[in-house]
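Participant: What follows is start_25.tsv; its format and atoms are TSV, N, CA and C atoms.
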```tsv
chain	number	residue	atom	x	y	z
A	284	MET	N	0.82	-1.19	0.00
A	284	MET	CA	0.00	0.00	0.00
A	284	MET	C	0.86	1.25	0.00
A	285	TYR	N	1.98	1.17	0.66
A	285	TYR	CA	2.90	2.32	0.69
A	285	TYR	C	3.32	2.68	-0.75
A	286	TYR	N	3.67	1.68	-1.52
A	286	TYR	CA	4.04	1.89	-2.92
A	286	TYR	C	2.88	2.47	-3.70
A	287	TYR	N	1.70	1.89	-3.57
A	287	TYR	CA	0.55	2.35	-4.34
A	287	TYR	C	0.22	3.81	-4.06
A	288	TYR	N	0.35	4.22	-2.81
A	288	TYR	CA	0.05	5.61	-2.46
A	288	TYR	C	0.99	6.57	-3.19
A	289	TYR	N	2.28	6.32	-3.08
A	289	TYR	CA	3.24	7.23	-3.71
A	289	TYR	C	3.24	7.10	-5.23
A	290	ALA	N	3.05	5.92	-5.75
A	290	ALA	CA	2.98	5.74	-7.21
A	290	ALA	C	1.76	6.46	-7.76
A	291	THR	N	0.66	6.43	-7.04
A	291	THR	CA	-0.55	7.13	-7.48
A	291	THR	C	-0.30	8.63	-7.53
A	292	GLN	N	0.42	9.16	-6.55
A	292	GLN	CA	0.74	10.60	-6.59
A	292	GLN	C	1.61	10.95	-7.79
A	293	VAL	N	2.61	10.12	-8.05
A	293	VAL	CA	3.51	10.39	-9.17
A	293	VAL	C	2.76	10.36	-10.49
A	294	VAL	N	1.94	9.34	-10.70
A	294	VAL	CA	1.22	9.22	-11.96
A	294	VAL	C	0.16	10.32	-12.07
A	295	HIS	N	-0.45	10.71	-10.96
A	295	HIS	CA	-1.41	11.82	-10.98
A	295	HIS	C	-0.73	13.11	-11.41
A	296	PHE	N	0.46	13.35	-10.91
A	296	PHE	CA	1.21	14.53	-11.31
A	296	PHE	C	1.58	14.47	-12.79
A	297	TYR	N	1.89	13.30	-13.28
A	297	TYR	CA	2.28	13.13	-14.69
A	297	TYR	C	1.10	13.41	-15.63
A	298	GLU	N	-0.11	13.14	-15.17
A	298	GLU	CA	-1.36	13.43	-15.88
A	298	GLU	C	-1.51	12.63	-17.17
A	299	GLY	N	-2.40	13.07	-18.02
A	299	GLY	CA	-2.61	12.50	-19.35
A	299	GLY	C	-3.19	11.10	-19.33
A	300	GLU	N	-2.95	10.39	-20.43
A	300	GLU	CA	-3.47	9.03	-20.60
A	300	GLU	C	-2.88	8.05	-19.58
A	301	ASP	N	-1.63	8.29	-19.19
A	301	ASP	CA	-1.02	7.41	-18.17
A	301	ASP	C	-1.82	7.47	-16.87
A	302	TRP	N	-2.24	8.68	-16.46
A	302	TRP	CA	-3.03	8.82	-15.25
A	302	TRP	C	-4.40	8.15	-15.41
A	303	LYS	N	-5.04	8.38	-16.54
A	303	LYS	CA	-6.36	7.78	-16.76
A	303	LYS	C	-6.28	6.26	-16.72
A	304	THR	N	-5.25	5.71	-17.31
A	304	THR	CA	-5.08	4.25	-17.30
A	304	THR	C	-4.79	3.76	-15.89
A	305	TRP	N	-3.94	4.46	-15.15
A	305	TRP	CA	-3.60	4.06	-13.78
A	305	TRP	C	-4.84	4.09	-12.89
A	306	ASN	N	-5.59	5.15	-12.97
A	306	ASN	CA	-6.72	5.35	-12.07
A	306	ASN	C	-7.96	4.56	-12.49
A	307	GLU	N	-8.28	4.62	-13.77
A	307	GLU	CA	-9.53	4.01	-14.25
A	307	GLU	C	-9.32	2.66	-14.92
A	308	GLY	N	-8.13	2.39	-15.39
A	308	GLY	CA	-7.85	1.14	-16.06
A	308	GLY	C	-7.84	1.29	-17.57
A	309	PRO	N	-7.34	0.28	-18.27
A	309	PRO	CA	-7.33	0.34	-19.73
A	309	PRO	C	-8.75	0.29	-20.28
A	310	LYS	N	-8.90	0.79	-21.47
A	310	LYS	CA	-10.23	0.82	-22.09
A	310	LYS	C	-10.47	-0.43	-22.92
A	311	ASP	N	-11.73	-0.86	-22.94
A	311	ASP	CA	-12.09	-2.01	-23.76
A	311	ASP	C	-12.30	-1.56	-25.21
A	312	GLU	N	-12.75	-2.47	-26.05
A	312	GLU	CA	-12.92	-2.15	-27.48
A	312	GLU	C	-13.96	-1.07	-27.72
A	313	LYS	N	-14.85	-0.82	-26.76
A	313	LYS	CA	-15.86	0.24	-26.90
A	313	LYS	C	-15.43	1.54	-26.23
A	314	GLY	N	-14.21	1.58	-25.71
A	314	GLY	CA	-13.68	2.79	-25.11
A	314	GLY	C	-14.07	3.01	-23.66
A	315	ARG	N	-14.60	1.99	-23.00
A	315	ARG	CA	-15.00	2.11	-21.60
A	315	ARG	C	-13.86	1.64	-20.70
A	316	PRO	N	-13.56	2.40	-19.64
A	316	PRO	CA	-12.51	1.97	-18.71
A	316	PRO	C	-12.88	0.66	-18.03
A	317	GLN	N	-11.89	-0.21	-17.84
A	317	GLN	CA	-12.12	-1.53	-17.25
A	317	GLN	C	-11.76	-1.59	-15.76
A	318	GLY	N	-11.38	-0.48	-15.19
A	318	GLY	CA	-11.09	-0.44	-13.76
A	318	GLY	C	-9.70	-0.90	-13.40
A	319	TRP	N	-9.04	-0.11	-12.58
A	319	TRP	CA	-7.77	-0.56	-12.05
A	319	TRP	C	-7.60	-0.06	-10.64
A	320	MET	N	-6.78	0.92	-10.39
A	320	MET	CA	-6.45	1.31	-9.02
A	320	MET	C	-7.70	1.67	-8.22
A	321	ARG	N	-8.46	2.61	-8.68
A	321	ARG	CA	-9.64	3.05	-7.94
A	321	ARG	C	-10.60	1.90	-7.69
A	322	ASP	N	-10.98	1.20	-8.75
A	322	ASP	CA	-11.94	0.10	-8.62
A	322	ASP	C	-11.37	-1.07	-7.83
A	323	TRP	N	-10.08	-1.34	-8.00
A	323	TRP	CA	-9.44	-2.42	-7.26
A	323	TRP	C	-9.47	-2.14	-5.76
A	324	LEU	N	-9.13	-0.91	-5.37
A	324	LEU	CA	-9.12	-0.57	-3.95
A	324	LEU	C	-10.52	-0.66	-3.35
A	325	VAL	N	-11.50	-0.11	-4.03
A	325	VAL	CA	-12.87	-0.18	-3.51
A	325	VAL	C	-13.35	-1.62	-3.47
A	326	GLY	N	-12.95	-2.42	-4.46
A	326	GLY	CA	-13.36	-3.83	-4.50
A	326	GLY	C	-12.76	-4.68	-3.39
A	327	THR	N	-11.61	-4.26	-2.85
A	327	THR	CA	-10.97	-5.04	-1.79
A	327	THR	C	-11.40	-4.60	-0.39
A	328	GLN	N	-12.28	-3.61	-0.32
A	328	GLN	CA	-12.78	-3.15	0.97
A	328	GLN	C	-13.61	-4.25	1.64
A	329	ASN	N	-13.50	-4.37	2.96
A	329	ASN	CA	-14.24	-5.36	3.72
A	329	ASN	C	-15.71	-4.96	3.76
A	330	LYS	N	-16.55	-5.77	3.15
A	330	LYS	CA	-17.98	-5.44	3.06
A	330	LYS	C	-18.85	-6.33	3.95
A	331	LYS	N	-18.23	-7.25	4.68
A	331	LYS	CA	-18.98	-8.14	5.57
A	331	LYS	C	-19.42	-7.36	6.81
A	332	ASP	N	-20.60	-7.70	7.31
A	332	ASP	CA	-21.09	-7.07	8.54
A	332	ASP	C	-20.14	-7.35	9.69
A	333	GLY	N	-20.01	-6.41	10.56
A	333	GLY	CA	-19.16	-6.58	11.73
A	333	GLY	C	-18.29	-5.36	11.97
A	334	ALA	N	-17.43	-5.48	12.96
A	334	ALA	CA	-16.59	-4.36	13.37
A	334	ALA	C	-15.60	-3.93	12.28
A	335	ASP	N	-15.24	-4.84	11.38
A	335	ASP	CA	-14.26	-4.53	10.34
A	335	ASP	C	-14.89	-3.99	9.06
A	336	GLN	N	-16.20	-3.89	9.01
A	336	GLN	CA	-16.88	-3.44	7.79
A	336	GLN	C	-16.40	-2.04	7.41
A	337	GLY	N	-16.08	-1.87	6.14
A	337	GLY	CA	-15.63	-0.59	5.64
A	337	GLY	C	-14.13	-0.38	5.70
A	338	SER	N	-13.41	-1.28	6.34
A	338	SER	CA	-11.96	-1.16	6.43
A	338	SER	C	-11.30	-2.07	5.40
A	339	TRP	N	-9.99	-2.06	5.38
A	339	TRP	CA	-9.22	-2.94	4.50
A	339	TRP	C	-8.37	-3.86	5.34
A	340	ASN	N	-8.29	-5.12	4.91
A	340	ASN	CA	-7.44	-6.08	5.60
A	340	ASN	C	-5.98	-5.71	5.40
A	341	PRO	N	-5.16	-5.85	6.43
A	341	PRO	CA	-3.74	-5.56	6.26
A	341	PRO	C	-3.10	-6.53	5.29
A	342	GLU	N	-2.23	-6.01	4.46
A	342	GLU	CA	-1.51	-6.85	3.52
A	342	GLU	C	-0.44	-7.65	4.26
A	343	GLY	N	0.13	-8.63	3.61
A	343	GLY	CA	1.13	-9.47	4.24
A	343	GLY	C	2.52	-8.89	4.24
A	344	GLY	N	2.74	-7.79	3.52
A	344	GLY	CA	4.06	-7.18	3.44
A	344	GLY	C	4.41	-6.42	4.70
A	345	TRP	N	5.54	-5.71	4.65
A	345	TRP	CA	6.02	-5.01	5.84
A	345	TRP	C	5.05	-3.94	6.30
A	346	PHE	N	4.37	-3.27	5.38
A	346	PHE	CA	3.47	-2.19	5.79
A	346	PHE	C	2.26	-2.74	6.55
A	347	GLY	N	1.64	-3.77	5.99
A	347	GLY	CA	0.46	-4.35	6.63
A	347	GLY	C	0.77	-4.98	7.98
A	348	THR	N	1.92	-5.64	8.07
A	348	THR	CA	2.26	-6.27	9.35
A	348	THR	C	2.68	-5.24	10.39
A	349	SER	N	3.21	-4.12	9.96
A	349	SER	CA	3.63	-3.07	10.90
A	349	SER	C	2.48	-2.17	11.32
A	350	CYS	N	1.61	-1.84	10.38
A	350	CYS	CA	0.57	-0.84	10.64
A	350	CYS	C	-0.81	-1.44	10.86
A	351	GLY	N	-1.00	-2.69	10.51
A	351	GLY	CA	-2.27	-3.37	10.75
A	351	GLY	C	-3.43	-2.82	9.95
A	352	ARG	N	-4.62	-3.13	10.42
A	352	ARG	CA	-5.85	-2.74	9.73
A	352	ARG	C	-6.02	-1.22	9.67
A	353	VAL	N	-5.74	-0.53	10.77
A	353	VAL	CA	-5.92	0.92	10.80
A	353	VAL	C	-4.96	1.61	9.83
A	354	GLY	N	-3.70	1.23	9.86
A	354	GLY	CA	-2.73	1.84	8.96
A	354	GLY	C	-3.01	1.54	7.50
A	355	THR	N	-3.39	0.30	7.21
A	355	THR	CA	-3.71	-0.07	5.83
A	355	THR	C	-4.93	0.71	5.35
A	356	THR	N	-5.96	0.80	6.18
A	356	THR	CA	-7.17	1.54	5.80
A	356	THR	C	-6.84	3.01	5.58
A	357	ALA	N	-6.03	3.59	6.43
A	357	ALA	CA	-5.64	4.99	6.26
A	357	ALA	C	-4.89	5.20	4.96
A	358	MET	N	-3.96	4.29	4.64
A	358	MET	CA	-3.18	4.43	3.41
A	358	MET	C	-4.06	4.27	2.17
A	359	VAL	N	-5.01	3.34	2.22
A	359	VAL	CA	-5.93	3.16	1.09
A	359	VAL	C	-6.75	4.43	0.89
A	360	LEU	N	-7.26	4.99	1.98
A	360	LEU	CA	-8.06	6.21	1.87
A	360	LEU	C	-7.24	7.37	1.33
A	361	LEU	N	-6.00	7.49	1.77
A	361	LEU	CA	-5.13	8.54	1.22
A	361	LEU	C	-4.88	8.32	-0.27
A	362	THR	N	-4.73	7.07	-0.66
A	362	THR	CA	-4.52	6.76	-2.08
A	362	THR	C	-5.74	7.14	-2.89
A	363	LEU	N	-6.92	6.82	-2.39
A	363	LEU	CA	-8.15	7.19	-3.10
A	363	LEU	C	-8.34	8.70	-3.15
A	364	GLU	N	-7.87	9.41	-2.15
A	364	GLU	CA	-8.03	10.86	-2.12
A	364	GLU	C	-7.10	11.60	-3.07
A	365	VAL	N	-6.08	10.96	-3.56
A	365	VAL	CA	-5.15	11.65	-4.47
A	365	VAL	C	-5.94	12.26	-5.62
A	366	TYR	N	-6.82	11.52	-6.21
A	366	TYR	CA	-7.60	12.00	-7.35
A	366	TYR	C	-8.63	13.04	-6.93
A	367	TYR	N	-9.29	12.81	-5.82
A	367	TYR	CA	-10.42	13.65	-5.45
A	367	TYR	C	-10.05	14.85	-4.60
A	368	ARG	N	-8.99	14.77	-3.83
A	368	ARG	CA	-8.68	15.83	-2.88
A	368	ARG	C	-7.26	16.37	-2.97
A	369	HIS	N	-6.47	15.87	-3.87
A	369	HIS	CA	-5.06	16.26	-3.93
A	369	HIS	C	-4.92	17.68	-4.45
A	370	LEU	N	-4.33	18.55	-3.63
A	370	LEU	CA	-4.06	19.91	-4.05
A	370	LEU	C	-2.67	19.93	-4.67
A	371	PRO	N	-2.60	20.06	-5.98
A	371	PRO	CA	-1.28	20.03	-6.61
A	371	PRO	C	-0.46	21.27	-6.26
A	372	LEU	N	0.81	21.06	-5.97
A	372	LEU	CA	1.72	22.16	-5.71
A	372	LEU	C	2.44	22.58	-6.98
A	373	TYR	N	2.42	21.69	-7.97
A	373	TYR	CA	3.07	21.95	-9.24
A	373	TYR	C	2.13	21.61	-10.37
A	374	LYS	N	2.38	22.18	-11.54
A	374	LYS	CA	1.67	21.80	-12.75
A	374	LYS	C	2.70	21.68	-13.86
A	375	ARG	N	2.30	21.07	-14.95
A	375	ARG	CA	3.20	20.89	-16.07
A	375	ARG	C	3.13	22.14	-16.95
A	376	GLY	N	4.27	22.75	-17.19
A	376	GLY	CA	4.33	23.93	-18.04
A	376	GLY	C	4.30	23.56	-19.51
A	377	ALA	N	4.23	24.57	-20.35
A	377	ALA	CA	4.18	24.35	-21.80
A	377	ALA	C	5.41	23.61	-22.31
A	378	ASP	N	6.54	23.77	-21.62
A	378	ASP	CA	7.77	23.09	-22.03
A	378	ASP	C	7.89	21.69	-21.45
A	379	GLY	N	6.88	21.26	-20.67
A	379	GLY	CA	6.89	19.92	-20.08
A	379	GLY	C	7.53	19.85	-18.71
A	380	ASN	N	8.11	20.95	-18.25
A	380	ASN	CA	8.74	20.97	-16.94
A	380	ASN	C	7.75	21.39	-15.85
A	381	ALA	N	8.07	21.06	-14.62
A	381	ALA	CA	7.21	21.40	-13.49
A	381	ALA	C	7.25	22.90	-13.23
A	382	VAL	N	6.09	23.46	-12.94
A	382	VAL	CA	5.96	24.87	-12.58
A	382	VAL	C	5.28	24.92	-11.23
A	383	LYS	N	5.87	25.62	-10.27
A	383	LYS	CA	5.28	25.71	-8.95
A	383	LYS	C	4.03	26.58	-9.00
A	384	ILE	N	2.92	26.08	-8.43
A	384	ILE	CA	1.67	26.82	-8.45
A	384	ILE	C	1.62	27.83	-7.31
A	385	LEU	N	1.93	27.40	-6.10
A	385	LEU	CA	1.88	28.27	-4.94
A	385	LEU	C	3.28	28.77	-4.63
A	386	GLU	N	3.45	30.06	-4.66
A	386	GLU	CA	4.75	30.65	-4.37
A	386	GLU	C	4.90	30.84	-2.87
A	387	ASP	N	6.13	30.71	-2.38
A	387	ASP	CA	6.40	30.97	-0.96
A	387	ASP	C	6.18	32.45	-0.68
A	388	LYS	N	5.62	32.72	0.48
A	388	LYS	CA	5.40	34.13	0.85
A	388	LYS	C	6.29	34.50	2.00
```
Represent the structure from my file as structure tokens, please.

Facilitator:
Amino acid sequence: MYYYYYATQVVHFYEGEDWKTWNEGPKDEKGRPQGWMRDWLVGTQNKKDGADQGSWNPEGGWFGTSCGRVGTTAMVLLTLEVYYRHLPLYKRGADGNAVKILEDK
């Protein structure tokens, strides 16, 4: 999950078709997205009734074993928020280089 969070930020910053493919998935023959990061994360959410409903199971890697259910759920939510709530500090200029949006005061 740690990787997915930061990779999602990088690809979001890169924008374009790469971002659309990362977030929504590749398109089928009719041009409809087939789902990837966003749909995969929502699909892995615990939907069974009980105390764990709405959370994500910890992964078996170092992050999941160190941070458990709460840490994994927090990281998934942060990953999902990149698209919906991420305030970009930079944008791509006409020359393709990063341009800072907010200047230091």

Participant: Distance atom N of Gly308 in chain A-atom C of Lys330 in chain A, one decimal place?

Facilitator: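 Taking atom N of Gly308 in chain A as the start and atom C of Lys330 in chain A as the end point, the length is 23.8 Å.
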
Participant: Provide the CA of Met358 in chain A to CA of Gly333 in chain A distance in Å, to one decimal place.

Facilitator: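 About the pair CA of Met358 in chain A and CA of Gly333 in chain A: they are 21.1 Å apart.
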
Participant: For a test of reading the model, state the distance in Å between CA of Gly347 in chain A and atom N of Tyr285 in chain A, rounded to one decimal.

Facilitator: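 Interatomic distance here is 8.3 Å.
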
Participant: Enumerate as a PyMOL selection string all residues of chain A assigned to strand (DSSP E) by DSSP on the backbone, naming them with the chain letters and numbers the document uses.

Facilitator: chain A and resi 373-375+381-383

Participant: Tell me which of A:Val359, A:Met320, A:Cys350, A:Val365 sits closest to Met284 in chain A, counting only N, CA and C atoms.

Facilitator: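 Closest to Met284 in chain A, using only N, CA and C atoms: A:Val359.
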
Participant: Would you please give, as a PyMOL selection string, all residues of chain A that DSSP assigns to helix (DSSP H, G or I) based on the backbone?

Facilitator: chain A and resi 285-297+299-307+320-326+345-368
